[in-house]
Amino acid sequence: MKKEFDVLVIGAGPGGYTAAIRAAQLGGKVAIIEKQDLGGTCLNKGCIPTKALIASVHTLHCLKKAEEFGIIAKNVKIDFSAIMTRKERIVKRLRTGIKNLLKSYHIEVIKGQAYFVSPSTIKIEDKTLDIKKCIIATGSVISEMLGIKIDGQNIITSNDVIELEQIPSSLLIVGGGVIGLEFACIFQGLGSKVTIAEALSSILSSEDREISKALKSILAKRGMDIKTKTTVKEINLKDGKVEVVLNSGENIEKILVEKVVITIGRKPQINNLGLENAGIFCEDGRIVVNNKMETNIKGIYAIGDVIGGPFLAHKASAEGIVAAENALGRQTLIDYRAIPRCIFTIPEIASVGISEEEARKKGYKVAIGKFPFMVNGKAITTGDTTGFVKVVVDRETNAILGIHILGLQATELITQASLAIRLGCTINELNRIIYPHPTLSEAIWEAAQDVYQKAIDLP
Ligand code: FAD
């Protein structure tokens, strides 16, 4: 007898498994279809493996400056295979966690590739299932670079980097976006000579210009070679290495590296799904949805990377909750007002809302407040005073338009900024919040003070 489900979820990444759980919490009989591993890109090839590697680099940094803290840590060595084993152990542990979670909600996991035969039927290999409600959460795939062949050995992608067996002596990262920069910091931290080639005039081009410029200068001081307005003209294998011809407009330069990592972006996974058989509308390479996450076909929803950027796990999960609630009869609308963006470089960057440039372009009368970690007591005790907090405010309404942080724990600090923006807190209200001392968070309060008066701890 054919099994019947209230909700079929395609893809078990952070979008899909969150949607499945919320649908089950609301009483639905749910199945989730996954062709690879539970956890999707985020757990298996993205957020988690990269953050496990960055944690090892952080530990190395701490050990290198241990003496400053009165700790003697001599003969510090890197065991790269142990770093990779640790990363794999963390991924496996979390994958098991998702498996158990789905089981606890009686969600059936179906292994295989889902394919729409019609708006009301899905095929998974030799099985067919009737659709009552369906949530598409198939994520994204790596964008290819025209004319460059990925060989998985010398010319690689983010999927290959997290499986490397040795630390490359040198690597060129093509693309100075979030993923490229995180890998750049990991491998520079482990001792590789890192070059970045970015076609645009700045790295992290969608972040506040002051923040991305500050990061560039910190990384350059550490010896990273960051070439902006530079494209790859040619790549050739030469004696086991890669010769790359770079074009910066004025200059043509040849460099020889051990590996080239292509991180030019990702695109929604809309192929091999039979979307055309279901009549699901796509535009600009992504599935189009309304603010209930519903596609043009009633009862079929889409969430996460497959509907387009920003490609963030927490955006996918938030959309998953909205889709699941609507599939089970609620009327929930997505709210994109305060999506935090976290970049796990060393130092970290985190932001929410819009940049100063964007605010000016939109015609706001902008007021800015800033505070450096250099004079923050807690930062001084940790020995890391890099970076600053920047607050962007609309002078006419006092609304907080954006908060941008460069520095230690920025990715943890940003949640309070999201909360402030999401709740429509004005700058005057933020100024009146009592912050605990000594904390890194005080830098947010000081930056807020700095918008109209002056930060207390600045001369
Ligand atoms: P995915 O996680 O991609 O999951 C989609 C799933 O669908 C996959 O498991 C796939 O196998 C499955 N699937 C696809 N087609 C079918 C089919 N036809 N049938 C069955 N199953 C199918 N985001 C952050 O927020 N923070 C970070 O720190 C971060 N770091 C990243 C680092 C890297 C190197 C990369 C590559 C990405 C990173 N991301 C990060 C982005 C994040 O991974 C994605 O935004 C997130 O995984 C999107 O979730 P999703 O559920 O939409 O899709």
# chains A, B, ... in the order shown; residues from 1 in each chain; ligands from 1
>>> closest_atom_pairs(of="chain A", to="ligand 1", cutoff="6 Å", atoms="only C-alpha atoms and all ligand atoms", output="JSON lines")
{"residue": "A:Ile10", "atom": "CA", "partner": "ligand 1", "partner_atom_place_in_ligand_line": "20 (C)", "distance": 5.3}
{"residue": "A:Gly11", "atom": "CA", "partner": "ligand 1", "partner_atom_place_in_ligand_line": "7 (O)", "distance": 3.2}
{"residue": "A:Ala12", "atom": "CA", "partner": "ligand 1", "partner_atom_place_in_ligand_line": "6 (C)", "distance": 5.0}
{"residue": "A:Gly13", "atom": "CA", "partner": "ligand 1", "partner_atom_place_in_ligand_line": "4 (O)", "distance": 3.5}
{"residue": "A:Pro14", "atom": "CA", "partner": "ligand 1", "partner_atom_place_in_ligand_line": "51 (O)", "distance": 4.2}
{"residue": "A:Gly15", "atom": "CA", "partner": "ligand 1", "partner_atom_place_in_ligand_line": "51 (O)", "distance": 3.5}
{"residue": "A:Gly16", "atom": "CA", "partner": "ligand 1", "partner_atom_place_in_ligand_line": "51 (O)", "distance": 5.2}
{"residue": "A:Ile33", "atom": "CA", "partner": "ligand 1", "partner_atom_place_in_ligand_line": "20 (C)", "distance": 5.1}
{"residue": "A:Glu34", "atom": "CA", "partner": "ligand 1", "partner_atom_place_in_ligand_line": "21 (N)", "distance": 3.7}
{"residue": "A:Lys35", "atom": "CA", "partner": "ligand 1", "partner_atom_place_in_ligand_line": "21 (N)", "distance": 4.2}
{"residue": "A:Gln36", "atom": "CA", "partner": "ligand 1", "partner_atom_place_in_ligand_line": "11 (O)", "distance": 4.5}
{"residue": "A:Asp37", "atom": "CA", "partner": "ligand 1", "partner_atom_place_in_ligand_line": "9 (O)", "distance": 5.8}
{"residue": "A:Gly40", "atom": "CA", "partner": "ligand 1", "partner_atom_place_in_ligand_line": "9 (O)", "distance": 3.2}
{"residue": "A:Thr41", "atom": "CA", "partner": "ligand 1", "partner_atom_place_in_ligand_line": "2 (O)", "distance": 3.8}
{"residue": "A:Cys42", "atom": "CA", "partner": "ligand 1", "partner_atom_place_in_ligand_line": "43 (O)", "distance": 3.4}
{"residue": "A:Lys45", "atom": "CA", "partner": "ligand 1", "partner_atom_place_in_ligand_line": "36 (C)", "distance": 5.9}
{"residue": "A:Gly46", "atom": "CA", "partner": "ligand 1", "partner_atom_place_in_ligand_line": "33 (C)", "distance": 3.3}
{"residue": "A:Cys47", "atom": "CA", "partner": "ligand 1", "partner_atom_place_in_ligand_line": "30 (N)", "distance": 3.4}
{"residue": "A:Gly112", "atom": "CA", "partner": "ligand 1", "partner_atom_place_in_ligand_line": "20 (C)", "distance": 5.8}
{"residue": "A:Gln113", "atom": "CA", "partner": "ligand 1", "partner_atom_place_in_ligand_line": "19 (N)", "distance": 3.6}
{"residue": "A:Ala114", "atom": "CA", "partner": "ligand 1", "partner_atom_place_in_ligand_line": "19 (N)", "distance": 3.9}
{"residue": "A:Tyr115", "atom": "CA", "partner": "ligand 1", "partner_atom_place_in_ligand_line": "18 (N)", "distance": 5.8}
{"residue": "A:Ala137", "atom": "CA", "partner": "ligand 1", "partner_atom_place_in_ligand_line": "52 (O)", "distance": 5.3}
{"residue": "A:Thr138", "atom": "CA", "partner": "ligand 1", "partner_atom_place_in_ligand_line": "7 (O)", "distance": 3.6}
{"residue": "A:Gly139", "atom": "CA", "partner": "ligand 1", "partner_atom_place_in_ligand_line": "53 (O)", "distance": 3.1}
{"residue": "A:Ser140", "atom": "CA", "partner": "ligand 1", "partner_atom_place_in_ligand_line": "3 (O)", "distance": 5.1}
{"residue": "A:Ser158", "atom": "CA", "partner": "ligand 1", "partner_atom_place_in_ligand_line": "34 (C)", "distance": 5.4}
{"residue": "A:Ile179", "atom": "CA", "partner": "ligand 1", "partner_atom_place_in_ligand_line": "34 (C)", "distance": 5.4}
{"residue": "A:Leu273", "atom": "CA", "partner": "ligand 1", "partner_atom_place_in_ligand_line": "18 (N)", "distance": 5.0}
{"residue": "A:Gly304", "atom": "CA", "partner": "ligand 1", "partner_atom_place_in_ligand_line": "52 (O)", "distance": 3.4}
{"residue": "A:Asp305", "atom": "CA", "partner": "ligand 1", "partner_atom_place_in_ligand_line": "52 (O)", "distance": 4.0}
{"residue": "A:Val306", "atom": "CA", "partner": "ligand 1", "partner_atom_place_in_ligand_line": "52 (O)", "distance": 6.0}
{"residue": "A:Phe311", "atom": "CA", "partner": "ligand 1", "partner_atom_place_in_ligand_line": "45 (O)", "distance": 3.9}
{"residue": "A:Leu312", "atom": "CA", "partner": "ligand 1", "partner_atom_place_in_ligand_line": "45 (O)", "distance": 3.4}
{"residue": "A:Ala313", "atom": "CA", "partner": "ligand 1", "partner_atom_place_in_ligand_line": "25 (O)", "distance": 3.7}
{"residue": "A:His314", "atom": "CA", "partner": "ligand 1", "partner_atom_place_in_ligand_line": "25 (O)", "distance": 5.4}
{"residue": "A:Ala316", "atom": "CA", "partner": "ligand 1", "partner_atom_place_in_ligand_line": "52 (O)", "distance": 5.0}
>>> write_last_selection(atoms="C-alpha atoms", output="compact mmCIF listing (two decimals), in the first residue's frame")
# COMPACT_ATOMS: atom_id res chain seq x y z
CA ILE A 10 12.81 17.57 -0.40
CA GLY A 11 16.32 18.11 0.98
CA ALA A 12 17.56 17.67 4.55
CA GLY A 13 19.75 20.76 4.94
CA PRO A 14 19.07 23.40 7.63
CA GLY A 15 16.03 24.59 5.67
CA GLY A 16 14.53 21.17 5.02
CA ILE A 33 13.73 12.98 1.05
CA GLU A 34 17.52 13.33 0.89
CA LYS A 35 19.84 12.12 -1.85
CA GLN A 36 23.06 12.60 0.13
CA ASP A 37 23.78 13.12 3.83
CA GLY A 40 22.93 19.34 3.68
CA THR A 41 25.69 21.66 2.56
CA CYS A 42 25.76 23.45 5.91
CA LYS A 45 30.49 20.81 3.36
CA GLY A 46 29.87 24.30 4.68
CA CYS A 47 29.21 26.02 8.00
CA GLY A 112 17.11 9.07 -2.87
CA GLN A 113 16.69 11.76 -5.46
CA ALA A 114 13.23 13.32 -5.63
CA TYR A 115 11.77 14.22 -9.01
CA ALA A 137 14.65 22.71 0.09
CA THR A 138 17.24 21.48 -2.40
CA GLY A 139 19.81 24.15 -1.59
CA SER A 140 22.52 25.31 -3.95
CA SER A 158 35.24 24.41 -1.31
CA ILE A 179 33.75 31.47 1.62
CA LEU A 273 14.05 18.08 -10.06
CA GLY A 304 16.55 28.26 1.53
CA ASP A 305 19.28 28.60 -1.08
CA VAL A 306 17.00 27.26 -3.85
CA PHE A 311 22.88 31.95 1.04
CA LEU A 312 22.74 31.54 4.80
CA ALA A 313 21.73 28.56 6.90
CA HIS A 314 19.69 30.62 9.38
CA ALA A 316 16.93 28.80 5.20
>>> select_by_dssp(residues="segment 141-330 of chain A", states="alpha helix (DSSP H)", output="PyMOL selection string")
chain A and resi 158-161+178-189+209-221+275-278+313-327
>>> write_last_selection(atoms="C-alpha atoms", output="PDB file, in the first residue's frame")
ATOM      1  CA  SER A 158      35.239  24.405  -1.309  1.00  0.00           C
ATOM      2  CA  ASN A 159      34.062  20.760  -1.321  1.00  0.00           C
ATOM      3  CA  ASP A 160      37.657  19.589  -1.942  1.00  0.00           C
ATOM      4  CA  VAL A 161      39.349  22.007   0.462  1.00  0.00           C
ATOM      5  CA  VAL A 178      32.771  35.064   2.459  1.00  0.00           C
ATOM      6  CA  ILE A 179      33.750  31.469   1.620  1.00  0.00           C
ATOM      7  CA  GLY A 180      37.058  32.430  -0.022  1.00  0.00           C
ATOM      8  CA  LEU A 181      38.097  34.632   2.881  1.00  0.00           C
ATOM      9  CA  GLU A 182      37.262  32.041   5.523  1.00  0.00           C
ATOM     10  CA  PHE A 183      39.487  29.511   3.719  1.00  0.00           C
ATOM     11  CA  ALA A 184      42.172  32.176   3.272  1.00  0.00           C
ATOM     12  CA  CYS A 185      42.253  32.753   7.052  1.00  0.00           C
ATOM     13  CA  ILE A 186      42.273  29.019   7.824  1.00  0.00           C
ATOM     14  CA  PHE A 187      45.221  28.234   5.558  1.00  0.00           C
ATOM     15  CA  GLN A 188      47.190  31.360   6.279  1.00  0.00           C
ATOM     16  CA  GLY A 189      46.784  30.495   9.956  1.00  0.00           C
ATOM     17  CA  ARG A 209      33.142  49.484   2.924  1.00  0.00           C
ATOM     18  CA  GLU A 210      34.980  50.632   6.069  1.00  0.00           C
ATOM     19  CA  ILE A 211      34.734  47.152   7.585  1.00  0.00           C
ATOM     20  CA  SER A 212      35.933  45.295   4.460  1.00  0.00           C
ATOM     21  CA  LYS A 213      38.780  47.794   3.988  1.00  0.00           C
ATOM     22  CA  ALA A 214      39.875  47.323   7.598  1.00  0.00           C
ATOM     23  CA  LEU A 215      39.861  43.520   7.209  1.00  0.00           C
ATOM     24  CA  LYS A 216      41.870  43.767   4.001  1.00  0.00           C
ATOM     25  CA  SER A 217      44.526  45.845   5.701  1.00  0.00           C
ATOM     26  CA  ILE A 218      44.725  43.451   8.717  1.00  0.00           C
ATOM     27  CA  LEU A 219      45.122  40.426   6.439  1.00  0.00           C
ATOM     28  CA  ALA A 220      47.663  42.192   4.205  1.00  0.00           C
ATOM     29  CA  LYS A 221      49.746  43.085   7.283  1.00  0.00           C
ATOM     30  CA  LEU A 275      10.125  21.458 -11.746  1.00  0.00           C
ATOM     31  CA  GLU A 276       8.791  21.879 -15.294  1.00  0.00           C
ATOM     32  CA  ASN A 277       6.536  18.792 -14.836  1.00  0.00           C
ATOM     33  CA  ALA A 278       4.973  20.437 -11.794  1.00  0.00           C
ATOM     34  CA  ALA A 313      21.732  28.565   6.905  1.00  0.00           C
ATOM     35  CA  HIS A 314      19.685  30.616   9.381  1.00  0.00           C
ATOM     36  CA  LYS A 315      17.745  32.284   6.547  1.00  0.00           C
ATOM     37  CA  ALA A 316      16.931  28.797   5.205  1.00  0.00           C
ATOM     38  CA  SER A 317      15.736  27.630   8.646  1.00  0.00           C
ATOM     39  CA  ALA A 318      13.608  30.748   9.199  1.00  0.00           C
ATOM     40  CA  GLU A 319      11.957  30.213   5.817  1.00  0.00           C
ATOM     41  CA  GLY A 320      11.494  26.511   6.664  1.00  0.00           C
ATOM     42  CA  ILE A 321       9.462  27.395   9.746  1.00  0.00           C
ATOM     43  CA  VAL A 322       7.248  29.778   7.740  1.00  0.00           C
ATOM     44  CA  ALA A 323       6.657  27.211   4.962  1.00  0.00           C
ATOM     45  CA  ALA A 324       5.866  24.401   7.426  1.00  0.00           C
ATOM     46  CA  GLU A 325       3.412  26.538   9.390  1.00  0.00           C
ATOM     47  CA  ASN A 326       1.609  27.584   6.209  1.00  0.00           C
ATOM     48  CA  ALA A 327       1.566  23.998   4.917  1.00  0.00           C
TER      49      ALA A 327
END
>>> residues_around(residues="Glu396 of chain A", least_positions_apart="3", cutoff="12 Å", atoms="only C-alpha atoms", output="ChimeraX atom specification")
/A:363-367,393,399-401,426-427
>>> write_last_selection(atoms="N, CA and C atoms", output="tab-separated table (two decimals), in the first residue's frame")
chain	number	residue	atom	x	y	z
A	363	GLY	N	19.11	57.45	0.31
A	363	GLY	CA	18.66	58.81	0.59
A	363	GLY	C	18.45	59.13	2.06
A	364	TYR	N	18.89	58.26	2.98
A	364	TYR	CA	18.74	58.56	4.40
A	364	TYR	C	19.72	59.69	4.77
A	365	LYS	N	19.32	60.49	5.78
A	365	LYS	CA	20.28	61.44	6.37
A	365	LYS	C	20.97	60.64	7.47
A	366	VAL	N	22.22	60.30	7.19
A	366	VAL	CA	22.88	59.27	8.01
A	366	VAL	C	23.69	59.86	9.16
A	367	ALA	N	23.59	59.23	10.32
A	367	ALA	CA	24.49	59.55	11.44
A	367	ALA	C	25.26	58.27	11.77
A	393	VAL	N	22.70	55.12	11.61
A	393	VAL	CA	21.38	55.57	12.11
A	393	VAL	C	20.74	56.54	11.12
A	399	ALA	N	15.99	55.74	13.74
A	399	ALA	CA	15.97	54.28	13.54
A	399	ALA	C	17.39	53.77	13.32
A	400	ILE	N	17.66	52.58	13.86
A	400	ILE	CA	18.99	51.97	13.63
A	400	ILE	C	18.90	51.25	12.28
A	401	LEU	N	19.74	51.67	11.34
A	401	LEU	CA	19.68	51.09	9.99
A	401	LEU	C	20.63	49.90	9.86
A	426	THR	N	15.02	52.39	18.71
A	426	THR	CA	15.72	53.58	18.18
A	426	THR	C	17.10	53.66	18.82
A	427	ILE	N	17.91	54.57	18.32
A	427	ILE	CA	19.26	54.72	18.87
A	427	ILE	C	19.17	55.23	20.32
>>> closest_residue(among="A:Leu94, A:Tyr452, A:Leu26, A:Arg86", to="Ala55 of chain A", atoms="only C-alpha atoms")
A:Arg86
>>> atom_distance(atom1="atom CA of Lys254 of chain A", atom2="atom CA of Ser205 of chain A")
25.1 Å
>>> residues_around(residues="Gly152 of chain A", least_positions_apart="2", cutoff="10 Å", atoms="only C-alpha atoms", output="PyMOL selection string")
chain A and resi 149-150+154-157+159-161+259-261
>>> write_last_selection(atoms="C-alpha atoms", output="tab-separated table (two decimals), in the first residue's frame")
chain	number	residue	atom	x	y	z
A	149	LYS	CA	38.20	22.91	-15.35
A	150	ILE	CA	38.05	21.74	-11.75
A	154	ASN	CA	45.27	21.15	-8.08
A	155	ILE	CA	42.26	23.18	-9.11
A	156	ILE	CA	39.66	22.66	-6.45
A	157	THR	CA	36.43	23.94	-4.88
A	159	ASN	CA	34.06	20.76	-1.32
A	160	ASP	CA	37.66	19.59	-1.94
A	161	VAL	CA	39.35	22.01	0.46
A	259	LYS	CA	46.56	24.76	-5.37
A	260	VAL	CA	43.94	27.04	-6.81
A	261	VAL	CA	40.64	27.22	-4.93
>>> residues_around(residues="Thr85 of chain A", least_positions_apart="3", cutoff="12 Å", atoms="only C-alpha atoms", output="ChimeraX atom specification")
/A:49,52-53,56,79-82,88-92,162-165
>>> write_last_selection(atoms="N, CA and C atoms", output="short mmCIF file (atom, residue, chain, number, x, y, z; two decimals), in the first residue's frame")
data_model
loop_
_atom_site.label_atom_id
_atom_site.label_comp_id
_atom_site.auth_asym_id
_atom_site.auth_seq_id
_atom_site.Cartn_x
_atom_site.Cartn_y
_atom_site.Cartn_z
N PRO A 49 32.02 22.14 8.98
CA PRO A 49 33.43 21.77 8.79
C PRO A 49 34.37 22.97 8.78
N ALA A 52 34.88 24.18 12.30
CA ALA A 52 35.74 23.26 13.07
C ALA A 52 37.20 23.55 12.73
N LEU A 53 37.50 23.80 11.46
CA LEU A 53 38.89 24.10 11.06
C LEU A 53 39.33 25.44 11.65
N SER A 56 40.46 25.19 15.17
CA SER A 56 41.84 24.71 15.34
C SER A 56 42.83 25.85 15.13
N ASP A 79 49.23 19.07 13.74
CA ASP A 79 48.98 17.72 13.22
C ASP A 79 47.74 17.84 12.34
N PHE A 80 47.97 18.07 11.05
CA PHE A 80 46.85 18.39 10.15
C PHE A 80 45.85 17.24 10.06
N SER A 81 46.37 16.02 10.08
CA SER A 81 45.41 14.90 9.96
C SER A 81 44.53 14.83 11.21
N ALA A 82 45.08 15.20 12.37
CA ALA A 82 44.24 15.22 13.59
C ALA A 82 43.20 16.36 13.52
N GLU A 88 35.86 15.88 11.09
CA GLU A 88 34.97 14.81 10.64
C GLU A 88 34.12 14.29 11.81
N ARG A 89 34.77 14.19 12.99
CA ARG A 89 34.06 13.69 14.18
C ARG A 89 32.90 14.63 14.56
N ILE A 90 33.16 15.92 14.45
CA ILE A 90 32.12 16.91 14.79
C ILE A 90 30.94 16.80 13.81
N VAL A 91 31.28 16.67 12.51
CA VAL A 91 30.24 16.57 11.49
C VAL A 91 29.39 15.32 11.74
N LYS A 92 30.07 14.19 12.01
CA LYS A 92 29.34 12.93 12.24
C LYS A 92 28.43 13.03 13.45
N ILE A 162 37.88 21.07 2.14
CA ILE A 162 37.63 20.51 3.48
C ILE A 162 38.02 19.03 3.57
N GLU A 163 38.49 18.47 2.45
CA GLU A 163 38.95 17.08 2.47
C GLU A 163 40.46 16.99 2.23
N LEU A 164 41.18 18.10 2.20
CA LEU A 164 42.63 18.06 1.91
C LEU A 164 43.35 17.16 2.92
N GLU A 165 44.43 16.51 2.43
CA GLU A 165 45.19 15.64 3.35
C GLU A 165 46.44 16.32 3.87
#
>>> residues_around(residues="Ser104 of chain A", least_positions_apart="5", cutoff="12 Å", atoms="only C-alpha atoms", output="ChimeraX atom specification")
/A:20-21,24-25,97-99,109
>>> closest_residue(among="A:Val389, A:Leu204, A:Ala455, A:Ile71", to="Leu440 of chain A", atoms="only C-alpha atoms")
A:Val389
